[in-house]
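Raw contents of final.pdb, PDB, C-alpha atoms:
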```
ATOM      1  CA  MET O   1      -4.017 -20.319   3.119
ATOM      2  CA  ILE O   2      -2.252 -19.031   6.155
ATOM      3  CA  PHE O   3       1.099 -17.773   4.924
ATOM      4  CA  LEU O   4       0.142 -15.137   2.428
ATOM      5  CA  THR O   5       2.116 -14.374  -0.676
ATOM      6  CA  VAL O   6       3.269 -10.937  -1.743
ATOM      7  CA  ASP O   7       0.313 -10.341  -4.101
ATOM      8  CA  ASN O   8      -2.000 -10.367  -1.058
ATOM      9  CA  ALA O   9      -0.095  -7.560   0.643
ATOM     10  CA  MET O  10       1.301  -5.461  -2.206
ATOM     11  CA  THR O  11       0.019  -2.202  -3.673
ATOM     12  CA  PRO O  12      -0.936  -3.103  -7.239
ATOM     13  CA  ALA O  13      -0.483   0.386  -8.734
ATOM     14  CA  VAL O  14       3.095   1.567  -9.247
ATOM     15  CA  ARG O  15       4.032   5.063 -10.334
ATOM     16  CA  THR O  16       6.673   5.040 -13.056
ATOM     17  CA  THR O  17       8.498   7.751 -14.973
ATOM     18  CA  ASP O  18      11.313   8.061 -17.451
ATOM     19  CA  GLY O  19      14.566   9.494 -16.146
ATOM     20  CA  GLY O  20      13.838  13.109 -17.016
ATOM     21  CA  MET O  21      11.520  14.058 -14.151
ATOM     22  CA  THR O  22      13.088  16.778 -11.954
ATOM     23  CA  ALA O  23      13.680  16.239  -8.237
ATOM     24  CA  CYS O  24      11.091  18.905  -7.492
ATOM     25  CA  ASP O  25       8.498  17.084  -9.603
ATOM     26  CA  VAL O  26       9.454  13.788  -7.964
ATOM     27  CA  ALA O  27       8.760  15.411  -4.586
ATOM     28  CA  LYS O  28       5.418  16.766  -5.850
ATOM     29  CA  THR O  29       4.475  13.326  -7.170
ATOM     30  CA  LEU O  30       5.342  11.612  -3.883
ATOM     31  CA  GLU O  31       3.369  14.260  -1.997
ATOM     32  CA  ASP O  32       0.317  14.463  -4.279
ATOM     33  CA  GLU O  33      -0.076  10.721  -4.785
ATOM     34  CA  HIS O  34       0.779   9.764  -1.186
ATOM     35  CA  ILE O  35       3.447   7.332  -2.294
ATOM     36  CA  GLY O  36       7.000   6.642  -1.163
ATOM     37  CA  SER O  37       8.762   6.053  -4.445
ATOM     38  CA  VAL O  38       8.666   6.453  -8.204
ATOM     39  CA  LEU O  39      10.156   3.766 -10.432
ATOM     40  CA  VAL O  40      12.352   4.945 -13.274
ATOM     41  CA  CYS O  41      11.682   2.778 -16.328
ATOM     42  CA  ASP O  42      13.062   2.755 -19.818
ATOM     43  CA  SER O  43      10.466   4.492 -21.998
ATOM     44  CA  ASP O  44      10.960   1.994 -24.822
ATOM     45  CA  THR O  45      11.381  -1.350 -23.089
ATOM     46  CA  ASP O  46       9.600  -0.602 -19.761
ATOM     47  CA  GLU O  47      12.615  -2.162 -18.055
ATOM     48  CA  ILE O  48      13.280  -0.901 -14.511
ATOM     49  CA  ARG O  49      16.346   1.344 -14.545
ATOM     50  CA  GLY O  50      16.170   2.640 -10.995
ATOM     51  CA  ILE O  51      13.995   3.877  -8.163
ATOM     52  CA  VAL O  52      13.702   7.291  -6.521
ATOM     53  CA  THR O  53      12.457   7.164  -2.957
ATOM     54  CA  ALA O  54      11.882   9.773  -0.289
ATOM     55  CA  SER O  55      15.359   8.847   1.013
ATOM     56  CA  ASP O  56      16.914   9.706  -2.349
ATOM     57  CA  VAL O  57      15.218  13.114  -2.307
ATOM     58  CA  ILE O  58      16.453  13.673   1.261
ATOM     59  CA  ARG O  59      19.995  12.793   0.187
ATOM     60  CA  LEU O  60      19.736  15.297  -2.626
ATOM     61  CA  VAL O  61      18.429  18.048  -0.330
ATOM     62  CA  ALA O  62      21.269  17.291   2.098
ATOM     63  CA  SER O  63      23.796  17.674  -0.718
ATOM     64  CA  GLY O  64      22.484  21.147  -1.522
ATOM     65  CA  ALA O  65      21.698  20.240  -5.163
ATOM     66  CA  ASP O  66      19.234  22.294  -7.208
ATOM     67  CA  MET O  67      15.918  20.472  -6.965
ATOM     68  CA  GLY O  68      14.512  22.193 -10.023
ATOM     69  CA  SER O  69      17.187  20.970 -12.434
ATOM     70  CA  THR O  70      18.449  17.642 -11.068
ATOM     71  CA  THR O  71      16.661  14.797 -12.871
ATOM     72  CA  ALA O  72      15.523  11.429 -11.546
ATOM     73  CA  GLU O  73      18.179   9.504 -13.448
ATOM     74  CA  GLU O  74      20.871  11.640 -11.832
ATOM     75  CA  PHE O  75      19.915  10.737  -8.267
ATOM     76  CA  MET O  76      17.960   7.470  -8.553
ATOM     77  CA  SER O  77      19.119   4.301  -6.823
ATOM     78  CA  GLU O  78      20.129   1.674  -9.373
ATOM     79  CA  ASP O  79      20.295  -2.113  -8.936
ATOM     80  CA  VAL O  80      16.699  -2.271  -7.699
ATOM     81  CA  VAL O  81      15.914  -5.348  -5.584
ATOM     82  CA  THR O  82      12.642  -6.891  -6.776
ATOM     83  CA  THR O  83      10.433  -9.798  -5.763
ATOM     84  CA  GLU O  84       7.631 -11.849  -7.363
ATOM     85  CA  SER O  85       3.941 -11.961  -6.542
ATOM     86  CA  GLY O  86       4.147 -15.617  -5.503
ATOM     87  CA  THR O  87       6.935 -15.030  -2.960
ATOM     88  CA  SER O  88       5.844 -15.445   0.664
ATOM     89  CA  VAL O  89       5.397 -12.301   2.741
ATOM     90  CA  HIS O  90       7.948 -13.816   5.128
ATOM     91  CA  ASP O  91      10.611 -14.088   2.437
ATOM     92  CA  ALA O  92       9.838 -10.548   1.262
ATOM     93  CA  ALA O  93      10.405  -9.298   4.834
ATOM     94  CA  LEU O  94      13.739 -11.149   4.981
ATOM     95  CA  LEU O  95      14.738  -9.717   1.595
ATOM     96  CA  MET O  96      14.031  -6.160   2.787
ATOM     97  CA  ARG O  97      16.102  -6.754   5.883
ATOM     98  CA  GLU O  98      18.977  -8.301   3.944
ATOM     99  CA  HIS O  99      19.180  -5.430   1.454
ATOM    100  CA  SER O 100      18.185  -2.655   3.888
ATOM    101  CA  VAL O 101      15.327  -1.507   1.675
ATOM    102  CA  ARG O 102      11.761  -0.617   2.553
ATOM    103  CA  ARG O 103      10.094  -1.366  -0.760
ATOM    104  CA  LEU O 104      10.333  -4.104  -3.364
ATOM    105  CA  PRO O 105       8.845  -3.731  -6.853
ATOM    106  CA  VAL O 106       6.949  -6.912  -7.725
ATOM    107  CA  VAL O 107       7.877  -8.271 -11.157
ATOM    108  CA  ASP O 108       6.338 -11.366 -12.756
ATOM    109  CA  ASP O 109       7.914 -12.631 -15.997
ATOM    110  CA  GLY O 110       9.425  -9.228 -16.682
ATOM    111  CA  GLU O 111       6.162  -7.363 -16.068
ATOM    112  CA  LEU O 112       5.820  -4.868 -13.202
ATOM    113  CA  VAL O 113       2.663  -5.834 -11.286
ATOM    114  CA  GLY O 114       2.966  -3.971  -7.981
ATOM    115  CA  ILE O 115       5.150  -2.847  -5.107
ATOM    116  CA  VAL O 116       5.349  -4.189  -1.558
ATOM    117  CA  THR O 117       6.558  -1.968   1.284
ATOM    118  CA  THR O 118       7.268  -2.140   5.007
ATOM    119  CA  THR O 119       3.948  -0.333   5.468
ATOM    120  CA  ASN O 120       2.097  -3.089   3.572
ATOM    121  CA  LEU O 121       3.796  -5.713   5.740
ATOM    122  CA  THR O 122       3.020  -3.834   8.954
ATOM    123  CA  HIS O 123      -0.661  -3.770   8.013
ATOM    124  CA  TYR O 124      -0.446  -7.503   7.401
ATOM    125  CA  LEU O 125       1.169  -8.229  10.783
ATOM    126  CA  PRO O 126      -2.032  -8.286  12.886
ATOM    127  CA  ARG O 127      -3.429 -10.970  10.582
ATOM    128  CA  LEU O 128      -0.496 -13.245  11.434
ATOM    129  CA  ARG O 129      -1.175 -12.755  15.127
ATOM    130  CA  ASN O 130      -4.848 -13.572  14.632
ATOM    131  CA  THR O 131      -3.759 -16.732  12.848
ATOM    132  CA  ILE O 132      -1.725 -17.770  15.883
ATOM    133  CA  LEU O 133      -4.662 -17.114  18.198
ATOM    134  CA  ARG O 134      -7.117 -19.003  15.983
ATOM    135  CA  GLU O 135      -4.774 -21.976  15.705
ATOM    136  CA  ARG O 136      -4.408 -22.086  19.462
ATOM    137  CA  THR O 137      -8.166 -22.181  19.901
ATOM    138  CA  GLU O 138      -8.403 -24.955  17.330
ATOM    139  CA  ARG O 139      -5.665 -26.894  19.086
ATOM    140  CA  LYS O 140      -7.461 -26.685  22.415
ATOM    141  CA  GLN O 141     -10.650 -27.789  20.704
ATOM    142  CA  ALA O 142      -8.885 -30.690  19.016
ATOM    143  CA  LEU O 143      -7.349 -31.820  22.307
ATOM    144  CA  THR O 144     -10.740 -31.585  24.032
ATOM    145  CA  ASN O 145     -12.368 -33.620  21.269
ATOM    146  CA  GLU O 146      -9.641 -36.255  21.540
ATOM    147  CA  ARG O 147     -10.465 -36.842  25.173
TER     148      ARG O 147
ATOM    149  CA  MET U   1       6.649 -14.824  25.733
ATOM    150  CA  ILE U   2       5.239 -15.079  22.273
ATOM    151  CA  PHE U   3       3.576 -11.734  21.601
ATOM    152  CA  LEU U   4       6.395  -9.272  21.960
ATOM    153  CA  THR U   5       5.960  -5.799  23.305
ATOM    154  CA  VAL U   6       7.176  -2.625  21.633
ATOM    155  CA  ASP U   7      10.408  -2.423  23.647
ATOM    156  CA  ASN U   8      11.554  -5.638  21.951
ATOM    157  CA  ALA U   9      11.168  -4.162  18.471
ATOM    158  CA  MET U  10      11.862  -0.441  18.920
ATOM    159  CA  THR U  11      15.004   1.545  18.185
ATOM    160  CA  PRO U  12      16.105   2.825  21.598
ATOM    161  CA  ALA U  13      17.978   5.906  20.365
ATOM    162  CA  VAL U  14      15.866   8.836  19.185
ATOM    163  CA  ARG U  15      17.255  11.925  17.522
ATOM    164  CA  THR U  16      15.744  15.116  18.949
ATOM    165  CA  THR U  17      16.188  18.804  18.209
ATOM    166  CA  ASP U  18      14.645  22.105  19.199
ATOM    167  CA  GLY U  19      12.489  23.805  16.583
ATOM    168  CA  GLY U  20      15.248  25.937  15.075
ATOM    169  CA  MET U  21      16.979  23.349  12.875
ATOM    170  CA  THR U  22      16.705  24.274   9.188
ATOM    171  CA  ALA U  23      15.090  21.933   6.665
ATOM    172  CA  CYS U  24      18.455  21.486   4.991
ATOM    173  CA  ASP U  25      20.040  20.445   8.294
ATOM    174  CA  VAL U  26      17.108  18.118   8.983
ATOM    175  CA  ALA U  27      17.781  16.452   5.615
ATOM    176  CA  LYS U  28      21.502  16.189   6.441
ATOM    177  CA  THR U  29      20.692  14.652   9.825
ATOM    178  CA  LEU U  30      18.309  12.076   8.304
ATOM    179  CA  GLU U  31      20.920  11.238   5.667
ATOM    180  CA  ASP U  32      24.017  11.152   7.916
ATOM    181  CA  GLU U  33      22.400   9.237  10.763
ATOM    182  CA  HIS U  34      20.390   6.867   8.550
ATOM    183  CA  ILE U  35      17.141   7.730  10.304
ATOM    184  CA  GLY U  36      13.655   8.550   9.121
ATOM    185  CA  SER U  37      12.659  11.291  11.512
ATOM    186  CA  VAL U  38      13.796  13.870  14.035
ATOM    187  CA  LEU U  39      11.632  14.643  17.049
ATOM    188  CA  VAL U  40      11.158  18.308  17.896
ATOM    189  CA  CYS U  41      11.210  18.704  21.673
ATOM    190  CA  ASP U  42      10.867  21.700  23.958
ATOM    191  CA  SER U  43      14.391  22.601  25.026
ATOM    192  CA  ASP U  44      13.289  23.335  28.603
ATOM    193  CA  THR U  45      10.730  20.641  29.362
ATOM    194  CA  ASP U  46      11.821  17.951  26.827
ATOM    195  CA  GLU U  47       8.153  17.650  25.900
ATOM    196  CA  ILE U  48       7.499  16.427  22.323
ATOM    197  CA  ARG U  49       6.256  19.348  20.227
ATOM    198  CA  GLY U  50       6.299  17.679  16.832
ATOM    199  CA  ILE U  51       8.085  15.358  14.447
ATOM    200  CA  VAL U  52       9.813  15.996  11.126
ATOM    201  CA  THR U  53       9.936  12.968   8.860
ATOM    202  CA  ALA U  54      11.218  12.363   5.360
ATOM    203  CA  SER U  55       7.609  12.914   4.216
ATOM    204  CA  ASP U  56       7.583  16.379   5.778
ATOM    205  CA  VAL U  57      10.811  17.276   3.953
ATOM    206  CA  ILE U  58       9.306  15.965   0.691
ATOM    207  CA  ARG U  59       6.201  18.108   1.244
ATOM    208  CA  LEU U  60       8.424  21.125   1.766
ATOM    209  CA  VAL U  61      10.450  20.440  -1.387
ATOM    210  CA  ALA U  62       7.187  20.015  -3.321
ATOM    211  CA  SER U  63       6.001  23.408  -2.071
ATOM    212  CA  GLY U  64       9.137  25.085  -3.406
ATOM    213  CA  ALA U  65      10.093  26.504   0.023
ATOM    214  CA  ASP U  66      13.662  27.591   0.778
ATOM    215  CA  MET U  67      15.302  24.614   2.508
ATOM    216  CA  GLY U  68      18.061  26.759   3.986
ATOM    217  CA  SER U  69      15.791  29.089   5.926
ATOM    218  CA  THR U  70      12.637  27.095   6.766
ATOM    219  CA  THR U  71      12.946  25.734  10.309
ATOM    220  CA  ALA U  72      11.736  22.444  11.758
ATOM    221  CA  GLU U  73       8.972  24.065  13.787
ATOM    222  CA  GLU U  74       7.591  25.659  10.622
ATOM    223  CA  PHE U  75       7.060  22.365   8.799
ATOM    224  CA  MET U  76       6.931  19.719  11.535
ATOM    225  CA  SER U  77       3.862  17.526  12.041
ATOM    226  CA  GLU U  78       2.197  18.279  15.355
ATOM    227  CA  ASP U  79      -0.089  16.057  17.439
ATOM    228  CA  VAL U  80       2.445  13.214  17.434
ATOM    229  CA  VAL U  81       0.922   9.773  18.017
ATOM    230  CA  THR U  82       2.995   7.913  20.629
ATOM    231  CA  THR U  83       2.954   4.486  22.243
ATOM    232  CA  GLU U  84       4.448   2.881  25.373
ATOM    233  CA  SER U  85       7.164   0.256  25.666
ATOM    234  CA  GLY U  86       4.749  -2.257  27.204
ATOM    235  CA  THR U  87       2.253  -2.040  24.326
ATOM    236  CA  SER U  88       2.071  -5.172  22.167
ATOM    237  CA  VAL U  89       3.672  -5.055  18.732
ATOM    238  CA  HIS U  90       0.255  -6.011  17.368
ATOM    239  CA  ASP U  91      -1.427  -2.959  18.923
ATOM    240  CA  ALA U  92       1.400  -0.727  17.688
ATOM    241  CA  ALA U  93       0.807  -2.016  14.147
ATOM    242  CA  LEU U  94      -2.917  -1.286  14.456
ATOM    243  CA  LEU U  95      -2.172   2.206  15.806
ATOM    244  CA  MET U  96       0.078   2.964  12.820
ATOM    245  CA  ARG U  97      -2.613   1.802  10.457
ATOM    246  CA  GLU U  98      -5.342   3.780  12.222
ATOM    247  CA  HIS U  99      -3.372   7.034  12.153
ATOM    248  CA  SER U 100      -1.615   6.433   8.808
ATOM    249  CA  VAL U 101       1.837   6.902  10.358
ATOM    250  CA  ARG U 102       5.003   4.863   9.938
ATOM    251  CA  ARG U 103       6.678   5.652  13.241
ATOM    252  CA  LEU U 104       5.594   5.973  16.852
ATOM    253  CA  PRO U 105       7.791   7.581  19.520
ATOM    254  CA  VAL U 106       7.785   5.390  22.628
ATOM    255  CA  VAL U 107       7.073   7.364  25.805
ATOM    256  CA  ASP U 108       6.983   5.864  29.299
ATOM    257  CA  ASP U 109       5.769   8.110  32.133
ATOM    258  CA  GLY U 110       6.559  11.225  30.104
ATOM    259  CA  GLU U 111      10.065  10.043  29.211
ATOM    260  CA  LEU U 112      11.049   9.389  25.600
ATOM    261  CA  VAL U 113      12.628   5.913  25.510
ATOM    262  CA  GLY U 114      12.635   4.966  21.827
ATOM    263  CA  ILE U 115      10.854   4.927  18.512
ATOM    264  CA  VAL U 116       9.146   2.041  16.703
ATOM    265  CA  THR U 117       8.732   2.090  12.919
ATOM    266  CA  THR U 118       7.216   0.015  10.137
ATOM    267  CA  THR U 119      10.768  -1.133   9.399
ATOM    268  CA  ASN U 120      11.180  -2.421  12.972
ATOM    269  CA  LEU U 121       7.878  -4.294  12.679
ATOM    270  CA  THR U 122       8.796  -5.763   9.294
ATOM    271  CA  HIS U 123      12.008  -7.143  10.785
ATOM    272  CA  TYR U 124       9.922  -8.649  13.570
ATOM    273  CA  LEU U 125       7.442 -10.329  11.182
ATOM    274  CA  PRO U 126       9.492 -13.480  10.407
ATOM    275  CA  ARG U 127       9.639 -14.217  14.153
ATOM    276  CA  LEU U 128       5.832 -14.346  14.285
ATOM    277  CA  ARG U 129       5.805 -16.825  11.410
ATOM    278  CA  ASN U 130       8.383 -18.997  13.149
ATOM    279  CA  THR U 131       6.163 -18.934  16.220
ATOM    280  CA  ILE U 132       3.247 -20.278  14.182
ATOM    281  CA  LEU U 133       5.394 -23.052  12.729
ATOM    282  CA  ARG U 134       6.795 -24.024  16.128
ATOM    283  CA  GLU U 135       3.328 -24.121  17.656
ATOM    284  CA  ARG U 136       2.087 -26.346  14.848
ATOM    285  CA  THR U 137       4.893 -28.799  15.456
ATOM    286  CA  GLU U 138       4.097 -28.790  19.163
ATOM    287  CA  ARG U 139       0.426 -29.378  18.428
ATOM    288  CA  LYS U 140       1.186 -32.359  16.232
ATOM    289  CA  GLN U 141       3.465 -33.713  18.938
ATOM    290  CA  ALA U 142       0.786 -33.217  21.591
ATOM    291  CA  LEU U 143      -1.811 -34.991  19.493
ATOM    292  CA  THR U 144       0.582 -37.866  18.830
ATOM    293  CA  ASN U 145       1.349 -38.177  22.528
ATOM    294  CA  GLU U 146      -2.372 -38.223  23.344
ATOM    295  CA  ARG U 147      -2.914 -41.242  21.169
TER     296      ARG U 147
END
```
Kindly transcribe the structure held in the file into structure tokens.
Amino acid sequence: MIFLTVDNAMTPAVRTTDGGMTACDVAKTLEDEHIGSVLVCDSDTDEIRGIVTASDVIRLVASGADMGSTTAEEFMSEDVVTTESGTSVHDAALLMREHSVRRLPVVDDGELVGIVTTTNLTHYLPRLRNTILRERTERKQALTNER
Amino acid sequence: MIFLTVDNAMTPAVRTTDGGMTACDVAKTLEDEHIGSVLVCDSDTDEIRGIVTASDVIRLVASGADMGSTTAEEFMSEDVVTTESGTSVHDAALLMREHSVRRLPVVDDGELVGIVTTTNLTHYLPRLRNTILRERTERKQALTNER
């Protein structure tokens, strides 16, 4: 299969929290776990309520807010754009562009199964190029065999 | 030309500063200018001394440092990995992966000419896919013509 789907490129583990985590603890989590976002989920239903990314923390720092008392639900981005594991990597890239986001939580039948980011897609990019090169070689071979 | 070079994907404008900008002002700059990093350059020679990214600001927040008094040169990342405008997008992607970075300043003959990020490369990805599809069509056509 040449055009991979999102589940081949995504990070399967997603860090979630309820809305009460402070901005300072969000920053510590991003730093300690080497991740770019924390998903804010409803503690009862597990439903995604929002996402806090590095950009959201930056916005908060820029506003001069107190990082020790502002909670995730106060500065999270709502209306999270998601995708599904069977979506093509190509469509995920287009979706990111369209919505100007760098990460898409991956949700299958209401269940959070991973997250796909611009970094994941960048690491996937060389594989696409290798596909082009391999196909070219095969084409030359096919044309040679035809003769 | 099918395999684009970095200058086709990069952002040509790069925000620079000397080392004295405070962390709070760095955050404001990232937020106001919708960018992910500020390059710290020597004010006399223009040489790149370091880079401050959203991740660096996050690290600083996590450490509990005072955002209003810590300056860029105190928390910037040094040893900046750069690329050149003539480098292939593929090699730039590999370089990012190798060094675990999401942005590469583009430097030609000592002059800073742009920056290329994982977001730039993600926006470029659908073009690679279209290339594969077009080449397949051409191959089919070529094989049909041979017969």
For the structure provided, state which residues fall under the PyMOL selection byres ((chain U) within 6 of (chain O)), and present them as a list in words.
-> Cys24, Ala27, Lys28, Glu31, Ile58, Arg59, Ala62, His90, Ala93, Thr118, Thr119, Thr122, Pro126 and Ile132 of chain U
Excluding Leu4 of chain O and any residue of its chain fewer than 2 positions from it, enumerate the residues within 9 Å of it, using all atoms listed in the file, and give them as number ranges by chain.
-> O: 1-2, 6-9, 86-90
Please produce chain O as a compact mmCIF listing (two decimals) with C-alpha atoms, in the coordinates of the input once it has been superposed on chain U, the fit using all Cα atoms paired in sequence order.
```txt
# COMPACT_ATOMS: atom_id res chain seq x y z
CA MET O 1 6.61 -14.79 25.66
CA ILE O 2 5.19 -15.05 22.20
CA PHE O 3 3.48 -11.74 21.55
CA LEU O 4 6.28 -9.26 21.92
CA THR O 5 5.84 -5.78 23.27
CA VAL O 6 7.05 -2.62 21.60
CA ASP O 7 10.30 -2.44 23.62
CA ASN O 8 11.43 -5.66 21.92
CA ALA O 9 11.05 -4.18 18.44
CA MET O 10 11.75 -0.47 18.89
CA THR O 11 14.91 1.51 18.17
CA PRO O 12 16.02 2.76 21.58
CA ALA O 13 17.92 5.84 20.35
CA VAL O 14 15.82 8.78 19.17
CA ARG O 15 17.24 11.87 17.53
CA THR O 16 15.75 15.05 18.95
CA THR O 17 16.22 18.74 18.22
CA ASP O 18 14.71 22.04 19.22
CA GLY O 19 12.58 23.78 16.61
CA GLY O 20 15.36 25.88 15.10
CA MET O 21 17.07 23.28 12.91
CA THR O 22 16.80 24.22 9.20
CA ALA O 23 15.16 21.89 6.68
CA CYS O 24 18.53 21.42 5.01
CA ASP O 25 20.10 20.34 8.31
CA VAL O 26 17.14 18.06 8.99
CA ALA O 27 17.80 16.40 5.63
CA LYS O 28 21.52 16.08 6.44
CA THR O 29 20.69 14.55 9.82
CA LEU O 30 18.29 12.02 8.30
CA GLU O 31 20.89 11.15 5.66
CA ASP O 32 23.98 11.02 7.90
CA GLU O 33 22.35 9.11 10.75
CA HIS O 34 20.30 6.78 8.52
CA ILE O 35 17.08 7.66 10.29
CA GLY O 36 13.59 8.53 9.11
CA SER O 37 12.62 11.28 11.50
CA VAL O 38 13.79 13.83 14.03
CA LEU O 39 11.64 14.63 17.06
CA VAL O 40 11.19 18.28 17.90
CA CYS O 41 11.25 18.69 21.68
CA ASP O 42 10.94 21.66 23.96
CA SER O 43 14.49 22.54 25.03
CA ASP O 44 13.38 23.27 28.60
CA THR O 45 10.80 20.60 29.36
CA ASP O 46 11.86 17.90 26.84
CA GLU O 47 8.19 17.65 25.90
CA ILE O 48 7.52 16.44 22.34
CA ARG O 49 6.30 19.36 20.24
CA GLY O 50 6.33 17.71 16.84
CA ILE O 51 8.09 15.37 14.46
CA VAL O 52 9.82 16.00 11.13
CA THR O 53 9.92 12.97 8.87
CA ALA O 54 11.19 12.36 5.37
CA SER O 55 7.59 12.96 4.22
CA ASP O 56 7.60 16.42 5.80
CA VAL O 57 10.82 17.29 3.97
CA ILE O 58 9.31 16.00 0.71
CA ARG O 59 6.23 18.17 1.27
CA LEU O 60 8.47 21.17 1.80
CA VAL O 61 10.50 20.46 -1.36
CA ALA O 62 7.24 20.08 -3.30
CA SER O 63 6.08 23.48 -2.04
CA GLY O 64 9.23 25.13 -3.37
CA ALA O 65 10.21 26.53 0.06
CA ASP O 66 13.79 27.57 0.81
CA MET O 67 15.39 24.60 2.54
CA GLY O 68 18.18 26.69 4.00
CA SER O 69 15.92 29.04 5.96
CA THR O 70 12.76 27.08 6.80
CA THR O 71 13.05 25.71 10.34
CA ALA O 72 11.81 22.43 11.78
CA GLU O 73 9.06 24.07 13.81
CA GLU O 74 7.70 25.68 10.65
CA PHE O 75 7.14 22.40 8.82
CA MET O 76 6.98 19.74 11.56
CA SER O 77 3.90 17.58 12.05
CA GLU O 78 2.24 18.35 15.38
CA ASP O 79 -0.07 16.12 17.44
CA VAL O 80 2.44 13.26 17.44
CA VAL O 81 0.88 9.83 18.02
CA THR O 82 2.93 7.95 20.62
CA THR O 83 2.87 4.51 22.23
CA GLU O 84 4.36 2.88 25.34
CA SER O 85 7.07 0.25 25.64
CA GLY O 86 4.65 -2.26 27.16
CA THR O 87 2.15 -2.02 24.29
CA SER O 88 1.95 -5.15 22.14
CA VAL O 89 3.55 -5.03 18.70
CA HIS O 90 0.12 -5.95 17.34
CA ASP O 91 -1.54 -2.91 18.90
CA ALA O 92 1.30 -0.68 17.67
CA ALA O 93 0.70 -1.97 14.12
CA LEU O 94 -3.03 -1.21 14.45
CA LEU O 95 -2.25 2.26 15.80
CA MET O 96 -0.01 3.03 12.81
CA ARG O 97 -2.72 1.88 10.44
CA GLU O 98 -5.42 3.88 12.21
CA HIS O 99 -3.43 7.12 12.17
CA SER O 100 -1.67 6.51 8.83
CA VAL O 101 1.77 6.95 10.36
CA ARG O 102 4.91 4.90 9.94
CA ARG O 103 6.61 5.68 13.23
CA LEU O 104 5.52 6.00 16.85
CA PRO O 105 7.74 7.59 19.51
CA VAL O 106 7.71 5.39 22.61
CA VAL O 107 7.02 7.35 25.79
CA ASP O 108 6.93 5.85 29.29
CA ASP O 109 5.72 8.10 32.13
CA GLY O 110 6.54 11.21 30.12
CA GLU O 111 10.04 10.01 29.21
CA LEU O 112 11.02 9.34 25.58
CA VAL O 113 12.57 5.86 25.50
CA GLY O 114 12.58 4.93 21.81
CA ILE O 115 10.78 4.91 18.49
CA VAL O 116 9.05 2.04 16.69
CA THR O 117 8.64 2.10 12.91
CA THR O 118 7.11 0.03 10.12
CA THR O 119 10.66 -1.13 9.37
CA ASN O 120 11.07 -2.43 12.94
CA LEU O 121 7.76 -4.28 12.64
CA THR O 122 8.66 -5.74 9.25
CA HIS O 123 11.87 -7.14 10.73
CA TYR O 124 9.79 -8.64 13.51
CA LEU O 125 7.31 -10.29 11.13
CA PRO O 126 9.35 -13.43 10.34
CA ARG O 127 9.53 -14.18 14.06
CA LEU O 128 5.73 -14.32 14.23
CA ARG O 129 5.69 -16.78 11.35
CA ASN O 130 8.30 -18.94 13.06
CA THR O 131 6.10 -18.90 16.15
CA ILE O 132 3.19 -20.27 14.12
CA LEU O 133 5.37 -23.01 12.66
CA ARG O 134 6.82 -23.98 16.05
CA GLU O 135 3.37 -24.10 17.63
CA ARG O 136 2.14 -26.35 14.85
CA THR O 137 5.00 -28.76 15.43
CA GLU O 138 4.26 -28.75 19.15
CA ARG O 139 0.59 -29.39 18.48
CA LYS O 140 1.37 -32.39 16.30
CA GLN O 141 3.72 -33.66 18.98
CA ALA O 142 1.10 -33.17 21.68
CA LEU O 143 -1.52 -35.02 19.64
CA THR O 144 0.93 -37.87 18.98
CA ASN O 145 1.76 -38.11 22.68
CA GLU O 146 -1.94 -38.19 23.55
CA ARG O 147 -2.45 -41.27 21.44
```
Mind checking which residues fall within 7 Å of segment 75-80 of chain U, counting all atoms listed in the file, ignoring those fewer than 5 positions away in the same chain, and posting them as a ChimeraX atom specification?
-> /U:49-52,56
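For the atom pair formed by atom CA of Val106 of chain U and atom CA of Thr22 of chain U, the distance is 24.8 Å, given to one decimal.
Across the chains present, the PyMOL selection byres ((chain O and resi 13) around 10) applied to this file returns O:Met10, O:Thr11, O:Pro12, O:Val14, O:Arg15, O:Thr16, O:Leu112, O:Val113, O:Gly114, O:Ile115.
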Dump C-alpha atoms for the selected residues as an mmCIF file, in the coordinates of the input?
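Final output, out-v9.cif:
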```
data_model
loop_
_atom_site.group_PDB
_atom_site.id
_atom_site.type_symbol
_atom_site.label_atom_id
_atom_site.label_comp_id
_atom_site.auth_asym_id
_atom_site.auth_seq_id
_atom_site.Cartn_x
_atom_site.Cartn_y
_atom_site.Cartn_z
ATOM 1 C CA MET O 10 1.301 -5.461 -2.206
ATOM 2 C CA THR O 11 0.019 -2.202 -3.673
ATOM 3 C CA PRO O 12 -0.936 -3.103 -7.239
ATOM 4 C CA VAL O 14 3.095 1.567 -9.247
ATOM 5 C CA ARG O 15 4.032 5.063 -10.334
ATOM 6 C CA THR O 16 6.673 5.040 -13.056
ATOM 7 C CA LEU O 112 5.820 -4.868 -13.202
ATOM 8 C CA VAL O 113 2.663 -5.834 -11.286
ATOM 9 C CA GLY O 114 2.966 -3.971 -7.981
ATOM 10 C CA ILE O 115 5.150 -2.847 -5.107
#
```
